[in-house]
file run_33.pdb (PDB, C-alpha atoms)
ATOM      1  CA  MET Y   1       9.529  30.022  15.291  1.00  0.00           C
ATOM      2  CA  ALA Y   2       7.589  26.777  15.753  1.00  0.00           C
ATOM      3  CA  ALA Y   3       5.892  27.226  12.386  1.00  0.00           C
ATOM      4  CA  ALA Y   4       9.295  27.670  10.723  1.00  0.00           C
ATOM      5  CA  CYS Y   5      10.514  24.445  12.348  1.00  0.00           C
ATOM      6  CA  LEU Y   6       7.448  22.605  11.075  1.00  0.00           C
ATOM      7  CA  VAL Y   7       7.989  23.885   7.536  1.00  0.00           C
ATOM      8  CA  ALA Y   8      11.651  22.877   7.687  1.00  0.00           C
ATOM      9  CA  GLY Y   9      10.629  19.441   8.957  1.00  0.00           C
ATOM     10  CA  ALA Y  10       8.048  19.109   6.201  1.00  0.00           C
ATOM     11  CA  LEU Y  11      10.608  19.995   3.554  1.00  0.00           C
ATOM     12  CA  ALA Y  12      13.084  17.507   5.006  1.00  0.00           C
ATOM     13  CA  LEU Y  13      10.442  14.789   4.933  1.00  0.00           C
ATOM     14  CA  ALA Y  14       9.414  15.720   1.411  1.00  0.00           C
ATOM     15  CA  SER Y  15      12.974  15.750   0.104  1.00  0.00           C
ATOM     16  CA  GLY Y  16      13.441  12.243   1.432  1.00  0.00           C
ATOM     17  CA  THR Y  17      10.377  10.972  -0.426  1.00  0.00           C
ATOM     18  CA  ALA Y  18      10.415  13.074  -3.575  1.00  0.00           C
ATOM     19  CA  SER Y  19      13.369  11.196  -5.151  1.00  0.00           C
ATOM     20  CA  GLY Y  20      15.046  14.284  -6.541  1.00  0.00           C
ATOM     21  CA  ALA Y  21      11.881  16.043  -7.683  1.00  0.00           C
ATOM     22  CA  ALA Y  22      11.283  19.613  -6.566  1.00  0.00           C
ATOM     23  CA  PRO Y  23       9.149  19.576  -3.446  1.00  0.00           C
ATOM     24  CA  GLY Y  24       5.543  20.643  -3.898  1.00  0.00           C
ATOM     25  CA  ARG Y  25       3.596  22.999  -1.729  1.00  0.00           C
ATOM     26  CA  ILE Y  26       2.786  22.450   1.932  1.00  0.00           C
ATOM     27  CA  VAL Y  27      -0.929  22.150   2.624  1.00  0.00           C
ATOM     28  CA  VAL Y  28      -2.061  23.584   5.959  1.00  0.00           C
ATOM     29  CA  LEU Y  29      -5.277  22.237   7.497  1.00  0.00           C
ATOM     30  CA  ARG Y  30      -6.947  23.118  10.776  1.00  0.00           C
ATOM     31  CA  LEU Y  31      -8.861  20.881  13.172  1.00  0.00           C
ATOM     32  CA  SER Y  32     -10.545  23.262  15.567  1.00  0.00           C
ATOM     33  CA  GLY Y  33     -13.468  22.195  17.710  1.00  0.00           C
ATOM     34  CA  VAL Y  34     -15.243  18.884  17.983  1.00  0.00           C
ATOM     35  CA  VAL Y  35     -14.119  15.923  15.866  1.00  0.00           C
ATOM     36  CA  ASP Y  36     -17.284  15.234  13.865  1.00  0.00           C
ATOM     37  CA  PRO Y  37     -18.235  13.956  10.387  1.00  0.00           C
ATOM     38  CA  PHE Y  38     -17.791  17.426   8.854  1.00  0.00           C
ATOM     39  CA  GLU Y  39     -14.237  17.778  10.199  1.00  0.00           C
ATOM     40  CA  ALA Y  40     -13.463  14.191   9.158  1.00  0.00           C
ATOM     41  CA  SER Y  41     -14.674  14.804   5.609  1.00  0.00           C
ATOM     42  CA  TYR Y  42     -12.734  18.090   5.394  1.00  0.00           C
ATOM     43  CA  ILE Y  43      -9.473  16.525   6.594  1.00  0.00           C
ATOM     44  CA  LYS Y  44      -9.784  13.276   4.616  1.00  0.00           C
ATOM     45  CA  GLY Y  45     -10.679  15.132   1.410  1.00  0.00           C
ATOM     46  CA  ASN Y  46      -7.822  17.604   1.753  1.00  0.00           C
ATOM     47  CA  VAL Y  47      -5.230  14.959   2.644  1.00  0.00           C
ATOM     48  CA  GLU Y  48      -6.278  13.013  -0.465  1.00  0.00           C
ATOM     49  CA  ALA Y  49      -6.190  16.196  -2.572  1.00  0.00           C
ATOM     50  CA  ALA Y  50      -2.677  16.966  -1.268  1.00  0.00           C
ATOM     51  CA  ALA Y  51      -1.542  13.526  -2.431  1.00  0.00           C
ATOM     52  CA  ASN Y  52      -3.164  14.014  -5.842  1.00  0.00           C
ATOM     53  CA  GLU Y  53      -1.394  17.379  -6.191  1.00  0.00           C
ATOM     54  CA  ASN Y  54       1.988  15.915  -5.169  1.00  0.00           C
ATOM     55  CA  ALA Y  55       2.193  18.220  -2.171  1.00  0.00           C
ATOM     56  CA  ALA Y  56       5.402  18.069  -0.162  1.00  0.00           C
ATOM     57  CA  ALA Y  57       3.534  17.680   3.113  1.00  0.00           C
ATOM     58  CA  VAL Y  58       0.383  18.436   5.038  1.00  0.00           C
ATOM     59  CA  VAL Y  59       0.494  20.318   8.332  1.00  0.00           C
ATOM     60  CA  LEU Y  60      -2.599  19.652  10.448  1.00  0.00           C
ATOM     61  CA  THR Y  61      -2.933  22.060  13.347  1.00  0.00           C
ATOM     62  CA  ILE Y  62      -5.040  20.657  16.171  1.00  0.00           C
ATOM     63  CA  ASP Y  63      -7.112  22.285  18.897  1.00  0.00           C
ATOM     64  CA  THR Y  64      -9.880  19.909  19.936  1.00  0.00           C
ATOM     65  CA  PRO Y  65     -11.621  18.594  23.037  1.00  0.00           C
ATOM     66  CA  GLY Y  66     -12.201  15.355  21.083  1.00  0.00           C
ATOM     67  CA  GLY Y  67     -15.293  13.957  19.469  1.00  0.00           C
ATOM     68  CA  LEU Y  68     -16.748  10.963  17.720  1.00  0.00           C
ATOM     69  CA  ASP Y  69     -14.820   7.720  17.473  1.00  0.00           C
ATOM     70  CA  SER Y  70     -16.050   7.103  13.921  1.00  0.00           C
ATOM     71  CA  SER Y  71     -14.867  10.530  12.767  1.00  0.00           C
ATOM     72  CA  MET Y  72     -11.540  10.102  14.556  1.00  0.00           C
ATOM     73  CA  ARG Y  73     -11.021   6.799  12.743  1.00  0.00           C
ATOM     74  CA  THR Y  74     -11.783   8.402   9.370  1.00  0.00           C
ATOM     75  CA  ILE Y  75      -9.119  11.028  10.061  1.00  0.00           C
ATOM     76  CA  THR Y  76      -6.501   8.621  11.441  1.00  0.00           C
ATOM     77  CA  GLN Y  77      -6.944   6.256   8.495  1.00  0.00           C
ATOM     78  CA  ALA Y  78      -6.555   9.133   6.032  1.00  0.00           C
ATOM     79  CA  ILE Y  79      -3.335  10.211   7.750  1.00  0.00           C
ATOM     80  CA  LEU Y  80      -1.882   6.715   8.146  1.00  0.00           C
ATOM     81  CA  ASN Y  81      -2.606   5.832   4.504  1.00  0.00           C
ATOM     82  CA  SER Y  82      -1.411   9.111   3.020  1.00  0.00           C
ATOM     83  CA  PRO Y  83       1.597   8.909   0.712  1.00  0.00           C
ATOM     84  CA  VAL Y  84       2.233  12.546   1.682  1.00  0.00           C
ATOM     85  CA  PRO Y  85       3.782  13.129   5.134  1.00  0.00           C
ATOM     86  CA  VAL Y  86       1.222  14.586   7.544  1.00  0.00           C
ATOM     87  CA  ILE Y  87       2.650  16.692  10.351  1.00  0.00           C
ATOM     88  CA  THR Y  88       0.268  16.990  13.293  1.00  0.00           C
ATOM     89  CA  TYR Y  89       0.753  20.086  15.414  1.00  0.00           C
ATOM     90  CA  VAL Y  90      -1.123  21.122  18.552  1.00  0.00           C
ATOM     91  CA  SER Y  91      -1.424  24.883  18.162  1.00  0.00           C
ATOM     92  CA  PRO Y  92      -1.836  27.777  19.023  1.00  0.00           C
ATOM     93  CA  GLU Y  93      -0.543  28.205  22.581  1.00  0.00           C
ATOM     94  CA  GLY Y  94      -3.270  27.091  24.975  1.00  0.00           C
ATOM     95  CA  ALA Y  95      -4.645  24.527  22.498  1.00  0.00           C
ATOM     96  CA  ARG Y  96      -5.255  20.874  23.302  1.00  0.00           C
ATOM     97  CA  ALA Y  97      -5.436  17.511  21.593  1.00  0.00           C
ATOM     98  CA  ALA Y  98      -7.751  15.732  23.990  1.00  0.00           C
ATOM     99  CA  SER Y  99      -9.570  12.447  23.565  1.00  0.00           C
ATOM    100  CA  ALA Y 100      -9.918  11.802  19.810  1.00  0.00           C
ATOM    101  CA  GLY Y 101      -7.337  14.541  19.277  1.00  0.00           C
ATOM    102  CA  THR Y 102      -4.737  12.408  21.055  1.00  0.00           C
ATOM    103  CA  PHE Y 103      -5.203   9.623  18.509  1.00  0.00           C
ATOM    104  CA  ILE Y 104      -5.061  12.086  15.609  1.00  0.00           C
ATOM    105  CA  LEU Y 105      -1.874  13.689  16.964  1.00  0.00           C
ATOM    106  CA  LEU Y 106      -0.193  10.291  17.313  1.00  0.00           C
ATOM    107  CA  THR Y 107      -0.888   9.337  13.692  1.00  0.00           C
ATOM    108  CA  GLY Y 108       1.202  12.167  12.283  1.00  0.00           C
ATOM    109  CA  SER Y 109       4.441  11.385  10.465  1.00  0.00           C
ATOM    110  CA  VAL Y 110       5.811  14.023  12.830  1.00  0.00           C
ATOM    111  CA  ALA Y 111       3.876  15.106  15.922  1.00  0.00           C
ATOM    112  CA  ALA Y 112       4.641  18.449  17.547  1.00  0.00           C
ATOM    113  CA  MET Y 113       3.181  20.753  20.157  1.00  0.00           C
ATOM    114  CA  ALA Y 114       3.400  24.506  20.623  1.00  0.00           C
ATOM    115  CA  PRO Y 115       4.434  25.742  24.072  1.00  0.00           C
ATOM    116  CA  GLY Y 116       1.579  25.821  26.568  1.00  0.00           C
ATOM    117  CA  THR Y 117      -0.460  23.108  24.827  1.00  0.00           C
ATOM    118  CA  ASN Y 118      -1.557  19.745  26.178  1.00  0.00           C
ATOM    119  CA  VAL Y 119      -2.472  16.268  25.006  1.00  0.00           C
ATOM    120  CA  GLY Y 120      -4.348  13.466  26.696  1.00  0.00           C
ATOM    121  CA  ALA Y 121      -7.623  12.473  28.293  1.00  0.00           C
ATOM    122  CA  ALA Y 122      -8.033   9.821  25.632  1.00  0.00           C
ATOM    123  CA  HIS Y 123     -10.840   7.984  27.379  1.00  0.00           C
ATOM    124  CA  PRO Y 124     -13.930   7.032  25.337  1.00  0.00           C
ATOM    125  CA  VAL Y 125     -16.960   9.090  26.267  1.00  0.00           C
ATOM    126  CA  GLY Y 126     -20.507   8.290  25.223  1.00  0.00           C
ATOM    127  CA  VAL Y 127     -23.051  10.627  23.668  1.00  0.00           C
ATOM    128  CA  SER Y 128     -24.502  11.411  27.098  1.00  0.00           C
ATOM    129  CA  GLY Y 129     -21.013  12.185  28.425  1.00  0.00           C
ATOM    130  CA  ALA Y 130     -20.800   8.983  30.454  1.00  0.00           C
ATOM    131  CA  ILE Y 131     -17.695   6.880  30.218  1.00  0.00           C
ATOM    132  CA  GLU Y 132     -18.478   3.843  28.104  1.00  0.00           C
ATOM    133  CA  GLN Y 133     -18.104   0.216  29.069  1.00  0.00           C
ATOM    134  CA  SER Y 134     -14.911  -1.804  29.087  1.00  0.00           C
ATOM    135  CA  LYS Y 135     -15.236  -3.083  25.492  1.00  0.00           C
ATOM    136  CA  VAL Y 136     -15.117   0.462  24.135  1.00  0.00           C
ATOM    137  CA  LEU Y 137     -12.137   1.227  26.374  1.00  0.00           C
ATOM    138  CA  ASN Y 138     -10.381  -1.954  25.267  1.00  0.00           C
ATOM    139  CA  ASP Y 139     -10.924  -0.987  21.634  1.00  0.00           C
ATOM    140  CA  ALA Y 140      -9.466   2.475  22.229  1.00  0.00           C
ATOM    141  CA  VAL Y 141      -6.430   1.023  24.011  1.00  0.00           C
ATOM    142  CA  ALA Y 142      -5.879  -1.480  21.195  1.00  0.00           C
ATOM    143  CA  THR Y 143      -6.088   1.330  18.644  1.00  0.00           C
ATOM    144  CA  ILE Y 144      -3.540   3.561  20.355  1.00  0.00           C
ATOM    145  CA  ARG Y 145      -1.189   0.621  20.902  1.00  0.00           C
ATOM    146  CA  ALA Y 146      -1.446  -0.254  17.188  1.00  0.00           C
ATOM    147  CA  ILE Y 147      -0.746   3.321  16.055  1.00  0.00           C
ATOM    148  CA  ALA Y 148       2.087   4.081  18.491  1.00  0.00           C
ATOM    149  CA  PRO Y 149       4.785   1.763  17.062  1.00  0.00           C
ATOM    150  CA  GLN Y 150       4.213   3.195  13.569  1.00  0.00           C
ATOM    151  CA  ARG Y 151       5.013   6.687  14.809  1.00  0.00           C
ATOM    152  CA  ASN Y 152       7.977   6.303  17.168  1.00  0.00           C
ATOM    153  CA  ALA Y 153       8.090   9.861  18.517  1.00  0.00           C
ATOM    154  CA  LEU Y 154       5.271   9.365  21.024  1.00  0.00           C
ATOM    155  CA  ALA Y 155       5.123   5.588  21.241  1.00  0.00           C
ATOM    156  CA  ALA Y 156       6.425   5.451  24.798  1.00  0.00           C
ATOM    157  CA  TYR Y 157       3.921   8.063  25.954  1.00  0.00           C
ATOM    158  CA  ALA Y 158       0.986   6.383  24.238  1.00  0.00           C
ATOM    159  CA  THR Y 159       1.635   2.901  25.501  1.00  0.00           C
ATOM    160  CA  ALA Y 160       2.645   4.003  28.999  1.00  0.00           C
ATOM    161  CA  SER Y 161      -0.492   6.059  29.444  1.00  0.00           C
ATOM    162  CA  ALA Y 162      -2.807   3.366  28.073  1.00  0.00           C
ATOM    163  CA  PRO Y 163      -4.454   1.464  30.931  1.00  0.00           C
ATOM    164  CA  ASN Y 164      -4.104  -2.272  31.190  1.00  0.00           C
ATOM    165  CA  ALA Y 165      -7.188  -3.482  29.402  1.00  0.00           C
ATOM    166  CA  SER Y 166      -8.330  -6.917  28.487  1.00  0.00           C
ATOM    167  CA  ALA Y 167     -10.478  -8.186  25.651  1.00  0.00           C
TER     168      ALA Y 167
END

call {"tool": "encode", "arguments": {"input": "run_33.pdb", "output": "structure tokens"}}
result
Amino acid sequence: MAAACLVAGALALASGTASGAAPGRIVVLRLSGVVDPFEASYIKGNVEAAANENAAAVVLTIDTPGGLDSSMRTITQAILNSPVPVITYVSPEGARAASAGTFILLTGSVAAMAPGTNVGAAHPVGVSGAIEQSKVLNDAVATIRAIAPQRNALAAYATASAPNASA
């Protein structure tokens, strides 16, 4: 049922941007596991390919504990700059969009979650697992506050859950 709703949403988005042209195909991508350079390259390359093929939309299913900031930024930039709507979807049931996954979820043109999924824990963690210093936290907060207004669906959640940080 949720997948059917996503497809319907993708078609509605595509029909609004296709200016009368027949909608193209819907590209389905999967982010499963750690957000790393390989996942970033896979997602960025396929989002760009979807645009080149005049796809109607991209559906990115997410199940991640998070990962590298640099890889997360590659993915979020690809989504934010895509002329094709990118629907981010935490799935299957029991999946999560934690840490870097939270940022990726928020960048979607439409963000959705399957029942029994969760999002959050978007606190920068270093390579050793230690929480990084305040500058890294401030950068993460600034990033989520910059993304949130562009994607209204979760803006209140993102900005309310972001700690008060200073430069």

call {"tool": "residues_around", "arguments": {"input": "run_33.pdb", "residues": "segment 33-36 of chain Y", "least_positions_apart": "6", "cutoff": "9 Å", "atoms": "only C-alpha atoms", "output": "PDB file with C-alpha atoms, in the coordinates of the input"}}
result
ATOM      1  CA  ILE Y  62      -5.040  20.657  16.171  1.00  0.00           C
ATOM      2  CA  ASP Y  63      -7.112  22.285  18.897  1.00  0.00           C
ATOM      3  CA  THR Y  64      -9.880  19.909  19.936  1.00  0.00           C
ATOM      4  CA  PRO Y  65     -11.621  18.594  23.037  1.00  0.00           C
ATOM      5  CA  GLY Y  66     -12.201  15.355  21.083  1.00  0.00           C
ATOM      6  CA  GLY Y  67     -15.293  13.957  19.469  1.00  0.00           C
ATOM      7  CA  LEU Y  68     -16.748  10.963  17.720  1.00  0.00           C
ATOM      8  CA  ASP Y  69     -14.820   7.720  17.473  1.00  0.00           C
ATOM      9  CA  SER Y  70     -16.050   7.103  13.921  1.00  0.00           C
ATOM     10  CA  SER Y  71     -14.867  10.530  12.767  1.00  0.00           C
ATOM     11  CA  MET Y  72     -11.540  10.102  14.556  1.00  0.00           C
ATOM     12  CA  ALA Y 100      -9.918  11.802  19.810  1.00  0.00           C
ATOM     13  CA  GLY Y 101      -7.337  14.541  19.277  1.00  0.00           C
TER      14      GLY Y 101
END

call {"tool": "residues_around", "arguments": {"input": "run_33.pdb", "residues": "Gly24 of chain Y", "least_positions_apart": "6", "cutoff": "7 Å", "atoms": "only C-alpha atoms", "output": "number ranges by chain"}}
result
Y: 54-56

call {"tool": "write_last_selection", "arguments": {"input": "run_33.pdb", "atoms": "C-alpha atoms", "output": "tab-separated table (two decimals), in the frame of the given file"}}
result
chain	number	residue	atom	x	y	z
Y	54	ASN	CA	1.99	15.92	-5.17
Y	55	ALA	CA	2.19	18.22	-2.17
Y	56	ALA	CA	5.40	18.07	-0.16

call {"tool": "atom_distance", "arguments": {"input": "run_33.pdb", "atom1": "atom CA of Asn46 of chain Y", "atom2": "atom CA of Ala95 of chain Y"}}
result
22.1 Å

call {"tool": "atom_distance", "arguments": {"input": "run_33.pdb", "atom1": "atom CA of Leu60 of chain Y", "atom2": "atom CA of Leu106 of chain Y"}}
result
11.9 Å

call {"tool": "resolve_selection", "arguments": {"input": "run_33.pdb", "expression": "the PyMOL selection byres ((chain Y and resi 89) around 7)", "output": "list of chain:residue names"}}
result
Y:Leu60, Y:Thr61, Y:Ile62, Y:Ile87, Y:Thr88, Y:Val90, Y:Ser91, Y:Ala111, Y:Ala112, Y:Met113

call {"tool": "closest_residue", "arguments": {"input": "run_33.pdb", "among": "Y:Ala114, Y:Ala97, Y:Ile79, Y:Val86", "to": "Ala40 of chain Y", "atoms": "all atoms listed in the file"}}
result
Y:Ile79

call {"tool": "resolve_selection", "arguments": {"input": "run_33.pdb", "expression": "the PyMOL selection byres ((chain Y and resi 117) around 6)", "output": "number ranges by chain"}}
result
Y: 93-96, 114-116, 118

call {"tool": "atom_distance", "arguments": {"input": "run_33.pdb", "atom1": "atom CA of Val84 of chain Y", "atom2": "atom CA of Leu105 of chain Y"}}
result
15.9 Å

call {"tool": "resolve_selection", "arguments": {"input": "run_33.pdb", "expression": "the PyMOL selection byres ((chain Y and resi 51) around 12)", "output": "VMD selection string"}}
result
chain Y and resid 14 24 to 27 44 to 50 52 to 58 78 to 79 81 to 86

call {"tool": "closest_residue", "arguments": {"input": "run_33.pdb", "among": "Y:Ile43, Y:Val59, Y:Leu80, Y:Ile104", "to": "Val28 of chain Y", "atoms": "all atoms listed in the file"}}
result
Y:Val59

call {"tool": "closest_residue", "arguments": {"input": "run_33.pdb", "among": "Y:Gly120, Y:Ser109, Y:Leu29, Y:Thr102", "to": "Arg73 of chain Y", "atoms": "only C-alpha atoms"}}
result
Y:Thr102
